[in-house]
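Colleague: What follows is the file protein.csv, containing CSV, C-alpha atoms:
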```csv
chain,number,residue,atom,x,y,z
J,254,MET,CA,-54.8,15.9,-22.8
J,255,ARG,CA,-54.4,19.7,-22.6
J,256,VAL,CA,-56.3,21.4,-25.4
J,257,LEU,CA,-56.5,25.1,-26.5
J,258,LEU,CA,-59.7,26.2,-28.3
J,259,VAL,CA,-59.1,29.4,-30.1
J,260,GLY,CA,-62.5,31.1,-30.6
J,261,ALA,CA,-64.5,29.6,-27.7
J,262,SER,CA,-66.9,32.5,-27.7
J,263,GLY,CA,-68.1,32.0,-31.3
J,264,PHE,CA,-71.1,29.9,-32.4
J,265,ILE,CA,-69.0,26.8,-33.3
J,266,GLY,CA,-66.5,27.3,-30.5
J,267,ARG,CA,-69.3,27.3,-27.9
J,268,GLY,CA,-70.6,24.1,-29.4
J,269,ILE,CA,-67.2,22.4,-29.3
J,270,ALA,CA,-66.7,23.5,-25.7
J,271,ALA,CA,-70.1,22.2,-24.7
J,272,LYS,CA,-69.2,18.7,-25.8
J,273,VAL,CA,-65.7,18.5,-24.2
J,274,PRO,CA,-64.9,15.0,-23.0
J,275,ALA,CA,-64.3,14.6,-19.3
J,276,LYS,CA,-60.6,13.6,-19.7
J,277,ILE,CA,-59.8,16.7,-21.7
J,278,GLU,CA,-58.4,19.8,-19.9
J,279,LEU,CA,-59.8,22.6,-22.1
J,280,THR,CA,-58.8,26.2,-22.2
J,281,GLY,CA,-60.9,28.5,-24.4
J,282,THR,CA,-60.1,31.9,-25.7
J,283,TYR,CA,-62.2,35.0,-26.4
J,284,PHE,CA,-61.4,38.5,-27.6
J,285,LYS,CA,-64.3,40.8,-26.7
J,286,ASN,CA,-67.3,38.7,-25.4
J,287,GLU,CA,-66.2,36.4,-22.5
J,288,PRO,CA,-68.3,33.3,-22.6
J,289,THR,CA,-69.6,31.3,-19.6
J,290,LEU,CA,-68.7,27.7,-20.2
J,291,GLU,CA,-68.8,24.8,-17.8
J,292,ASN,CA,-65.6,22.8,-17.2
J,293,VAL,CA,-63.6,25.2,-19.4
J,294,GLN,CA,-60.8,27.6,-18.3
J,295,ILE,CA,-61.3,30.9,-20.1
J,296,GLU,CA,-58.6,33.3,-21.3
J,297,GLN,CA,-58.7,36.5,-23.2
J,298,PHE,CA,-56.5,36.3,-26.4
J,299,ASN,CA,-56.5,38.3,-29.6
J,300,TYR,CA,-55.1,35.8,-32.2
J,301,LEU,CA,-55.0,38.7,-34.7
J,302,ASP,CA,-52.5,40.5,-32.6
J,303,LEU,CA,-49.3,40.1,-34.7
J,304,GLN,CA,-47.3,40.6,-31.5
J,305,ALA,CA,-49.0,37.7,-29.7
J,306,ASP,CA,-46.6,35.2,-28.0
J,307,TRP,CA,-47.6,32.1,-29.8
J,308,GLN,CA,-44.5,30.2,-28.6
J,309,HIS,CA,-45.5,30.6,-25.0
J,310,THR,CA,-49.1,29.6,-25.9
J,311,VAL,CA,-48.2,26.6,-28.0
J,312,ALA,CA,-45.8,25.1,-25.4
J,313,ARG,CA,-48.7,24.6,-22.9
J,314,TYR,CA,-50.9,22.3,-25.0
J,315,ASP,CA,-51.0,18.9,-26.7
J,316,CYS,CA,-53.6,20.1,-29.2
J,317,VAL,CA,-54.8,23.4,-30.6
J,318,ILE,CA,-58.3,23.8,-32.1
J,319,ILE,CA,-58.8,26.8,-34.4
J,320,ALA,CA,-62.5,27.6,-34.4
J,321,ALA,CA,-62.1,31.4,-34.7
J,322,ARG,CA,-62.8,33.1,-38.0
J,323,ALA,CA,-62.3,36.8,-38.6
J,324,ASN,CA,-65.5,38.3,-40.0
J,325,ALA,CA,-66.5,41.7,-41.3
J,326,GLU,CA,-69.5,43.4,-42.9
J,327,THR,CA,-68.2,43.7,-46.5
J,328,GLU,CA,-66.1,41.6,-48.9
J,329,LYS,CA,-63.3,44.2,-48.9
J,330,LYS,CA,-63.1,44.2,-45.1
J,331,ARG,CA,-63.4,40.4,-44.9
J,332,THR,CA,-60.5,40.1,-47.3
J,333,GLU,CA,-58.4,42.6,-45.3
J,334,VAL,CA,-59.0,40.9,-42.0
J,335,SER,CA,-58.4,37.5,-43.6
J,336,GLU,CA,-55.0,38.7,-44.8
J,337,LYS,CA,-54.2,39.8,-41.3
J,338,ALA,CA,-55.3,36.4,-40.0
J,339,GLN,CA,-53.1,34.7,-42.5
J,340,GLU,CA,-50.1,36.5,-41.1
J,341,ALA,CA,-51.2,35.7,-37.6
J,342,PHE,CA,-51.6,32.0,-38.4
J,343,ASN,CA,-48.2,32.0,-40.1
J,344,ASN,CA,-46.7,33.1,-36.8
J,345,PHE,CA,-48.7,30.3,-35.1
J,346,ILE,CA,-47.3,27.7,-37.5
J,347,GLN,CA,-43.8,29.0,-37.0
J,348,ALA,CA,-44.3,28.6,-33.2
J,349,VAL,CA,-45.4,25.0,-33.7
J,350,HIS,CA,-42.3,24.3,-35.8
J,351,ALA,CA,-40.1,25.7,-33.1
J,352,SER,CA,-41.9,23.9,-30.2
J,353,LYS,CA,-40.6,20.7,-28.6
J,354,SER,CA,-44.2,19.4,-28.0
J,355,LYS,CA,-45.4,19.8,-31.6
J,356,PRO,CA,-49.2,20.0,-30.7
J,357,PHE,CA,-51.7,18.5,-33.0
J,358,ILE,CA,-53.7,21.1,-34.9
J,359,VAL,CA,-57.4,21.0,-35.7
J,360,VAL,CA,-58.8,23.7,-38.0
J,361,VAL,CA,-62.6,24.1,-38.5
J,362,ASN,CA,-63.4,25.8,-41.8
J,363,GLY,CA,-66.2,25.7,-44.4
J,364,SER,CA,-67.1,23.6,-47.4
J,365,LEU,CA,-67.6,26.8,-49.5
J,366,SER,CA,-63.9,26.4,-50.2
J,367,TYR,CA,-64.9,23.8,-52.8
J,368,GLY,CA,-67.0,26.3,-54.8
J,369,HIS,CA,-70.3,25.6,-56.6
J,370,ARG,CA,-70.2,21.9,-57.6
J,371,GLY,CA,-73.7,21.1,-58.8
J,372,ASP,CA,-74.7,17.5,-58.4
J,373,GLU,CA,-71.2,16.2,-57.9
J,374,LEU,CA,-70.3,14.3,-54.7
J,375,VAL,CA,-67.5,16.4,-53.3
J,376,LYS,CA,-64.7,14.4,-51.8
J,377,VAL,CA,-61.9,15.2,-49.4
J,378,SER,CA,-59.3,14.8,-52.2
J,379,ASP,CA,-61.0,17.5,-54.4
J,380,LYS,CA,-59.2,20.7,-55.0
J,381,ILE,CA,-60.5,23.9,-53.6
J,382,LYS,CA,-62.1,26.7,-55.7
J,383,PRO,CA,-63.5,29.1,-53.1
J,384,THR,CA,-66.8,30.8,-53.6
J,385,GLY,CA,-68.9,33.1,-51.5
J,386,TYR,CA,-67.6,34.0,-48.1
J,387,ALA,CA,-64.8,31.4,-48.6
J,388,ARG,CA,-63.1,33.7,-51.2
J,389,SER,CA,-62.1,35.7,-48.2
J,390,TYR,CA,-61.8,33.0,-45.5
J,391,ALA,CA,-59.6,30.8,-47.7
J,392,ILE,CA,-56.9,33.4,-47.5
J,393,ALA,CA,-56.6,32.9,-43.7
J,394,GLU,CA,-56.6,29.1,-44.1
J,395,LYS,CA,-53.6,29.1,-46.5
J,396,PRO,CA,-50.9,28.5,-43.8
J,397,PHE,CA,-52.8,25.4,-42.6
J,398,ARG,CA,-53.1,24.0,-46.1
J,399,GLU,CA,-49.4,24.5,-46.7
J,400,PHE,CA,-48.6,22.9,-43.3
J,401,LEU,CA,-50.7,19.8,-44.3
J,402,THR,CA,-49.1,19.7,-47.8
J,403,ALA,CA,-45.7,19.7,-46.1
J,404,GLY,CA,-46.7,16.4,-44.3
J,405,HIS,CA,-47.3,17.7,-40.8
J,406,ASP,CA,-50.0,16.6,-38.3
J,407,ILE,CA,-53.0,18.7,-38.9
J,408,ALA,CA,-56.7,18.1,-39.5
J,409,ILE,CA,-58.6,20.6,-41.7
J,410,ILE,CA,-62.3,19.9,-41.1
J,411,ARG,CA,-64.5,21.3,-43.9
J,412,ALA,CA,-67.8,21.8,-42.2
J,413,PRO,CA,-71.0,22.4,-44.4
J,414,TRP,CA,-74.0,24.4,-43.3
J,415,VAL,CA,-73.8,24.2,-39.5
J,416,ILE,CA,-77.2,24.5,-38.0
J,417,GLY,CA,-78.0,25.7,-34.5
J,418,ALA,CA,-79.7,28.5,-32.5
J,419,GLY,CA,-76.8,30.9,-33.0
J,420,SER,CA,-76.2,30.1,-36.7
J,421,TRP,CA,-77.4,31.5,-40.1
J,422,PHE,CA,-80.6,29.5,-39.7
J,423,PRO,CA,-82.8,31.7,-37.5
J,424,MET,CA,-81.7,34.8,-39.5
J,425,MET,CA,-82.5,33.3,-42.9
J,426,TYR,CA,-85.4,31.0,-42.1
J,427,LEU,CA,-87.1,31.9,-38.9
J,428,LYS,CA,-87.0,35.7,-38.6
J,429,PRO,CA,-88.5,36.5,-42.1
J,430,SER,CA,-92.2,36.2,-42.5
J,431,ARG,CA,-91.7,33.8,-45.4
J,432,ILE,CA,-89.3,30.9,-45.9
J,433,PRO,CA,-87.0,31.5,-48.9
J,434,ILE,CA,-86.7,29.1,-51.9
J,435,ILE,CA,-83.6,30.4,-53.5
J,436,LYS,CA,-83.6,30.5,-57.3
J,437,ASN,CA,-85.1,27.1,-58.2
J,438,GLY,CA,-84.1,25.4,-55.0
J,439,THR,CA,-82.2,22.6,-56.7
J,440,GLN,CA,-78.8,23.4,-55.1
J,441,TRP,CA,-77.6,20.8,-52.6
J,442,MET,CA,-77.4,21.6,-48.9
J,443,SER,CA,-75.1,19.5,-46.8
J,444,LEU,CA,-76.2,20.0,-43.2
J,445,VAL,CA,-74.7,19.2,-39.8
J,446,SER,CA,-76.0,20.2,-36.4
J,447,VAL,CA,-73.5,22.1,-34.2
J,448,GLY,CA,-73.8,19.3,-31.7
J,449,ASP,CA,-72.9,16.6,-34.3
J,450,LEU,CA,-70.0,18.7,-35.6
J,451,ALA,CA,-68.7,19.2,-32.0
J,452,GLU,CA,-68.7,15.5,-31.4
J,453,TYR,CA,-66.9,14.9,-34.6
J,454,VAL,CA,-64.2,17.5,-33.7
J,455,TRP,CA,-63.5,15.7,-30.4
J,456,GLU,CA,-63.3,12.3,-32.3
J,457,VAL,CA,-60.6,13.9,-34.5
J,458,VAL,CA,-58.8,15.4,-31.5
J,459,GLU,CA,-58.7,12.1,-29.6
J,460,SER,CA,-57.6,10.0,-32.7
J,461,SER,CA,-55.2,12.7,-34.0
J,462,LYS,CA,-56.4,11.9,-37.5
J,463,SER,CA,-54.7,14.1,-40.0
J,464,GLY,CA,-55.8,15.4,-43.5
J,465,VAL,CA,-58.7,17.2,-45.0
J,466,LEU,CA,-61.8,15.7,-43.3
J,467,HIS,CA,-65.6,16.0,-43.7
J,468,PRO,CA,-67.8,15.5,-40.6
J,469,LYS,CA,-70.6,13.0,-40.7
J,470,LEU,CA,-73.7,14.9,-41.9
J,471,THR,CA,-76.9,15.3,-40.1
J,472,TYR,CA,-78.8,15.4,-43.4
J,473,ARG,CA,-78.2,16.1,-47.1
J,474,CYS,CA,-80.9,17.5,-49.4
J,475,ARG,CA,-81.8,20.1,-51.9
J,476,GLN,CA,-82.6,23.6,-50.7
J,477,LYS,CA,-86.2,23.4,-51.7
J,478,GLU,CA,-86.6,20.3,-49.6
J,479,PHE,CA,-85.0,22.0,-46.7
J,480,ALA,CA,-87.4,25.0,-47.1
J,481,ASP,CA,-90.3,22.6,-47.2
J,482,ILE,CA,-89.2,21.0,-43.9
J,483,VAL,CA,-89.0,24.4,-42.2
J,484,ASN,CA,-92.4,25.2,-43.7
J,485,HIS,CA,-93.9,22.0,-42.2
J,486,ILE,CA,-92.5,22.8,-38.7
J,487,THR,CA,-93.2,26.5,-38.6
J,488,SER,CA,-96.3,26.8,-40.8
J,489,LYS,CA,-94.7,29.8,-42.4
J,490,PRO,CA,-95.3,30.2,-46.2
J,491,THR,CA,-92.5,29.8,-48.6
J,492,ARG,CA,-91.5,32.4,-51.3
J,493,ARG,CA,-89.2,32.1,-54.3
J,494,ILE,CA,-86.3,34.5,-54.2
J,495,GLY,CA,-86.1,35.8,-57.8
J,496,LEU,CA,-83.3,37.3,-59.8
J,497,LEU,CA,-83.9,40.9,-58.7
J,498,GLN,CA,-83.9,40.0,-55.0
J,499,ARG,CA,-80.8,37.9,-55.4
J,500,TRP,CA,-78.9,40.8,-57.0
J,501,ARG,CA,-79.8,43.0,-54.1
J,502,MET,CA,-77.9,40.6,-51.8
J,503,GLU,CA,-74.3,41.3,-50.7
J,504,PRO,CA,-72.2,39.5,-53.4
J,505,GLN,CA,-70.5,37.0,-51.2
J,506,MET,CA,-73.8,36.1,-49.5
J,507,ARG,CA,-75.4,35.6,-52.9
J,508,GLU,CA,-72.7,33.3,-54.0
J,509,SER,CA,-72.9,31.4,-50.7
J,510,VAL,CA,-76.6,30.6,-50.8
J,511,LEU,CA,-76.5,29.7,-54.5
J,512,ALA,CA,-73.6,27.3,-54.1
J,513,SER,CA,-74.5,23.6,-54.5
J,514,ILE,CA,-72.2,21.4,-52.5
J,515,LYS,CA,-73.1,17.8,-52.1
J,516,LEU,CA,-70.5,16.9,-49.5
J,517,ASP,CA,-69.2,13.3,-49.2
J,518,ASP,CA,-69.0,12.3,-45.6
J,519,GLY,CA,-67.7,8.8,-46.3
J,520,GLU,CA,-71.2,7.3,-45.6
J,521,ASP,CA,-72.3,7.0,-49.2
J,522,TYR,CA,-75.9,8.1,-49.3
J,523,GLN,CA,-76.8,7.3,-45.7
J,524,SER,CA,-77.3,11.0,-44.9
J,525,GLU,CA,-80.2,11.2,-47.3
J,526,ARG,CA,-82.2,8.6,-45.5
J,527,GLN,CA,-85.5,9.2,-43.7
J,528,VAL,CA,-83.9,8.6,-40.3
J,529,CYS,CA,-81.5,11.5,-41.0
J,530,GLU,CA,-84.4,13.7,-42.1
J,531,LYS,CA,-86.0,13.0,-38.7
J,532,ARG,CA,-82.8,14.0,-36.9
J,533,LEU,CA,-82.8,17.3,-38.8
J,534,LYS,CA,-86.4,17.9,-38.1
J,535,SER,CA,-85.8,17.4,-34.3
J,536,THR,CA,-82.9,19.9,-34.5
J,537,ILE,CA,-85.1,22.5,-36.2
J,538,GLU,CA,-88.0,21.9,-33.8
J,539,GLU,CA,-85.7,22.5,-30.9
J,540,ILE,CA,-84.3,25.7,-32.4
J,541,TYR,CA,-87.8,26.9,-33.3
J,542,SER,CA,-89.3,26.2,-29.9
J,543,SER,CA,-86.6,28.4,-28.2
J,544,PHE,CA,-86.9,31.0,-30.9
J,545,SER,CA,-90.7,31.4,-30.8
```
Can the structure in the file be given as structure tokens, please?

Modeller:
Amino acid sequence: MRVLLVGASGFIGRGIAAKVPAKIELTGTYFKNEPTLENVQIEQFNYLDLQADWQHTVARYDCVIIAARANAETEKKRTEVSEKAQEAFNNFIQAVHASKSKPFIVVVNGSLSYGHRGDELVKVSDKIKPTGYARSYAIAEKPFREFLTAGHDIAIIRAPWVIGAGSWFPMMYLKPSRIPIIKNGTQWMSLVSVGDLAEYVWEVVESSKSGVLHPKLTYRCRQKEFADIVNHITSKPTRRIGLLQRWRMEPQMRESVLASIKLDDGEDYQSERQVCEKRLKSTIEEIYSSFS
């Protein structure tokens, strides 16, 4: 199977490339920072280029994984680049429609698309109500949602908090001198290691399973419990992030960290078991050992 991975140089893209099955012929794209990846052919490609020849690109592959996500420093700029990405992905979808091969599409996006959901178990059938960074990112995802609604073969994987050495985790929990407990810490965090997510992506690719999908979680807990786990491993003290400190945050970041999303991964409450907690601890210990 010939697979194109758009965004192979990013955090999640690298994780997917690292887990590529032996029978997959994988080509990964990058824009600025060329990655060094084993068993992966690397090509430079700017998917935001509205003149990009998607028809030529699409014709060469059986499956296309979209792991790239346009980012920027402010909400205004994130929205602007997401609008450009929407136009680019519309061109991509048109190329898929026009192609004879009709490659299977896998899109990796975030669970913030569901918005703040409190203690509800969020299911794949639930409507989206983007919050935080997803208020911008959901703009770029629109062509894929429309493609799915029209009945075409596409998997939209809504990943939760993806934890790894190159993720949000070191920045928020390891670099500061204290571990944050955000507000009262009761918001739900659905967590998946980048390795577990990558394995799930390849399962979807090989099965060609369509629809909105949730990966199997590494662990699911409340934010305070997560902070306590990090405290136990690092011995760093915790500190409560109060109202004033929260309002100093960039607005989309504030919404993101306050969002409570108890993602349903189809395993009932298995991801809240002690064995899953141990898996999360092993992941954090590995990251912390390389970080420190």

Colleague: Taking only C-alpha atoms into account, name the residue in J:Tyr472, J:Tyr314, J:Trp441, J:Tyr386 that is nearest to Gln527 (chain J).

Modeller: J:Tyr472

Colleague: Between J:Ser461, J:Ser443, J:Thr280, J:Thr310, single out the one closest to Ser364 (chain J), counting all atoms listed in the file.

Modeller: J:Ser443

Colleague: Nearest residue to Glu530 (chain J) out of J:Arg475, J:Ser488, J:Ala403, J:Ser543, using all atoms listed in the file?

Modeller: J:Arg475

Colleague: Of the candidates J:Arg411, J:Lys469, J:Arg493, J:Lys376, which one gets nearest to Ile434 (chain J) if we count all atoms listed in the file?

Modeller: J:Arg493

Colleague: Choose the residue, out of J:Ser513, J:Gln440, J:Ser420, J:Gln294, that has the smallest atom-to-atom separation from Ile540 (chain J); count all atoms listed in the file.

Modeller: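 Going through J:Ser513, J:Gln440, J:Ser420, J:Gln294 one by one, the smallest distance to Ile540 (chain J) is for J:Ser420.
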
Colleague: If we count all atoms listed in the file and set the cut-off at 6 Å, which residues sit around region 264-268 of chain J, ignoring sequence neighbours fewer than 2 positions away in its own chain? Please answer as a PyMOL selection string.

Modeller: chain J and resi 260-262+270-271+320+419+447+451

Colleague: Between CA of Val317 (chain J) and CA of Leu257 (chain J), what is the distance in Å, rounded to a tenth?

Modeller: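 Interatomic distance, CA of Val317 (chain J) to CA of Leu257 (chain J): 4.8 Å.
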
Colleague: Of the residues J:Ala348, J:Ala418, J:Ala321, J:Ile410, which is the one nearest to Asn362 (chain J), using only C-alpha atoms?

Modeller: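 Once distances to Asn362 (chain J) are computed over only C-alpha atoms, the minimum belongs to J:Ile410.
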
Colleague: Just give me the gap between CA of Thr402 (chain J) and CA of Gln505 (chain J) in Å, one decimal is fine.

Modeller: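 The value is 27.7 Å.
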
Colleague: At a cut-off of 9 Å around the point (-59.7, 18.1, -30.4) (file coordinates), what residues fall inside when counting all atoms listed in the file? I'd like the answer as a CSV table (one decimal) with C-alpha atoms, in the coordinates of the input.

Modeller:
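Once everything was written out, this is point_19.csv:
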```csv
chain,number,residue,atom,x,y,z
J,256,VAL,CA,-56.3,21.4,-25.4
J,257,LEU,CA,-56.5,25.1,-26.5
J,258,LEU,CA,-59.7,26.2,-28.3
J,269,ILE,CA,-67.2,22.4,-29.3
J,273,VAL,CA,-65.7,18.5,-24.2
J,277,ILE,CA,-59.8,16.7,-21.7
J,316,CYS,CA,-53.6,20.1,-29.2
J,317,VAL,CA,-54.8,23.4,-30.6
J,318,ILE,CA,-58.3,23.8,-32.1
J,357,PHE,CA,-51.7,18.5,-33.0
J,358,ILE,CA,-53.7,21.1,-34.9
J,359,VAL,CA,-57.4,21.0,-35.7
J,453,TYR,CA,-66.9,14.9,-34.6
J,454,VAL,CA,-64.2,17.5,-33.7
J,455,TRP,CA,-63.5,15.7,-30.4
J,456,GLU,CA,-63.3,12.3,-32.3
J,457,VAL,CA,-60.6,13.9,-34.5
J,458,VAL,CA,-58.8,15.4,-31.5
J,459,GLU,CA,-58.7,12.1,-29.6
J,460,SER,CA,-57.6,10.0,-32.7
J,461,SER,CA,-55.2,12.7,-34.0
```

Colleague: Would you mind listing what lies within 12 Å of Ser509 (chain J) as JSON, numbers by chain, with only C-alpha atoms counted and same-chain residues fewer than 3 positions away left out?

Modeller: {"J": [363, 364, 365, 366, 367, 368, 369, 383, 384, 385, 386, 387, 388, 389, 413, 414, 421, 435, 440, 441, 442, 499, 502, 503, 504, 505, 506, 512, 513, 514]}

Colleague: Go ahead and compute the interatomic distance for CA of Lys329 (chain J) and CA of Glu508 (chain J), in Å to one decimal.

Modeller: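 If I compute the distance from CA of Lys329 (chain J) to CA of Glu508 (chain J), I get 15.3 Å.
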
Colleague: Could you pull the residues within 10 Å of Asn484 (chain J), counting all atoms listed in the file, minus those fewer than 5 positions along the same chain, as an MDAnalysis selection string?

Modeller: chainID J and resid 426:427 431:433 478:479 489:491

Colleague: Identify, on the basis of all atoms listed in the file, every residue whose closest approach to Asp315 (chain J) does not exceed 8 Å; exclude the query and any residue fewer than 5 positions from it along the same chain; express the result as a list in words.

Modeller: Met254, Arg255, Val256, Ser354, Lys355, Pro356 and Phe357 of chain J

Colleague: Atoms to include: C-alpha atoms. Write the selected residues as a PDB file, in the frame of the given file.

Modeller:
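So the final result, stored in result_16.pdb, reads:
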```
ATOM      1  CA  MET J 254     -54.800  15.900 -22.800  1.00  0.00           C
ATOM      2  CA  ARG J 255     -54.400  19.700 -22.600  1.00  0.00           C
ATOM      3  CA  VAL J 256     -56.300  21.400 -25.400  1.00  0.00           C
ATOM      4  CA  SER J 354     -44.200  19.400 -28.000  1.00  0.00           C
ATOM      5  CA  LYS J 355     -45.400  19.800 -31.600  1.00  0.00           C
ATOM      6  CA  PRO J 356     -49.200  20.000 -30.700  1.00  0.00           C
ATOM      7  CA  PHE J 357     -51.700  18.500 -33.000  1.00  0.00           C
TER       8      PHE J 357
END
```

Colleague: Find the residues near Ala323 (chain J): any atom within 9 Å, counting all atoms listed in the file, skip ones fewer than 3 places away on the same chain, and give them as a PyMOL selection string.

Modeller: chain J and resi 301+331+334-335+338+390+393
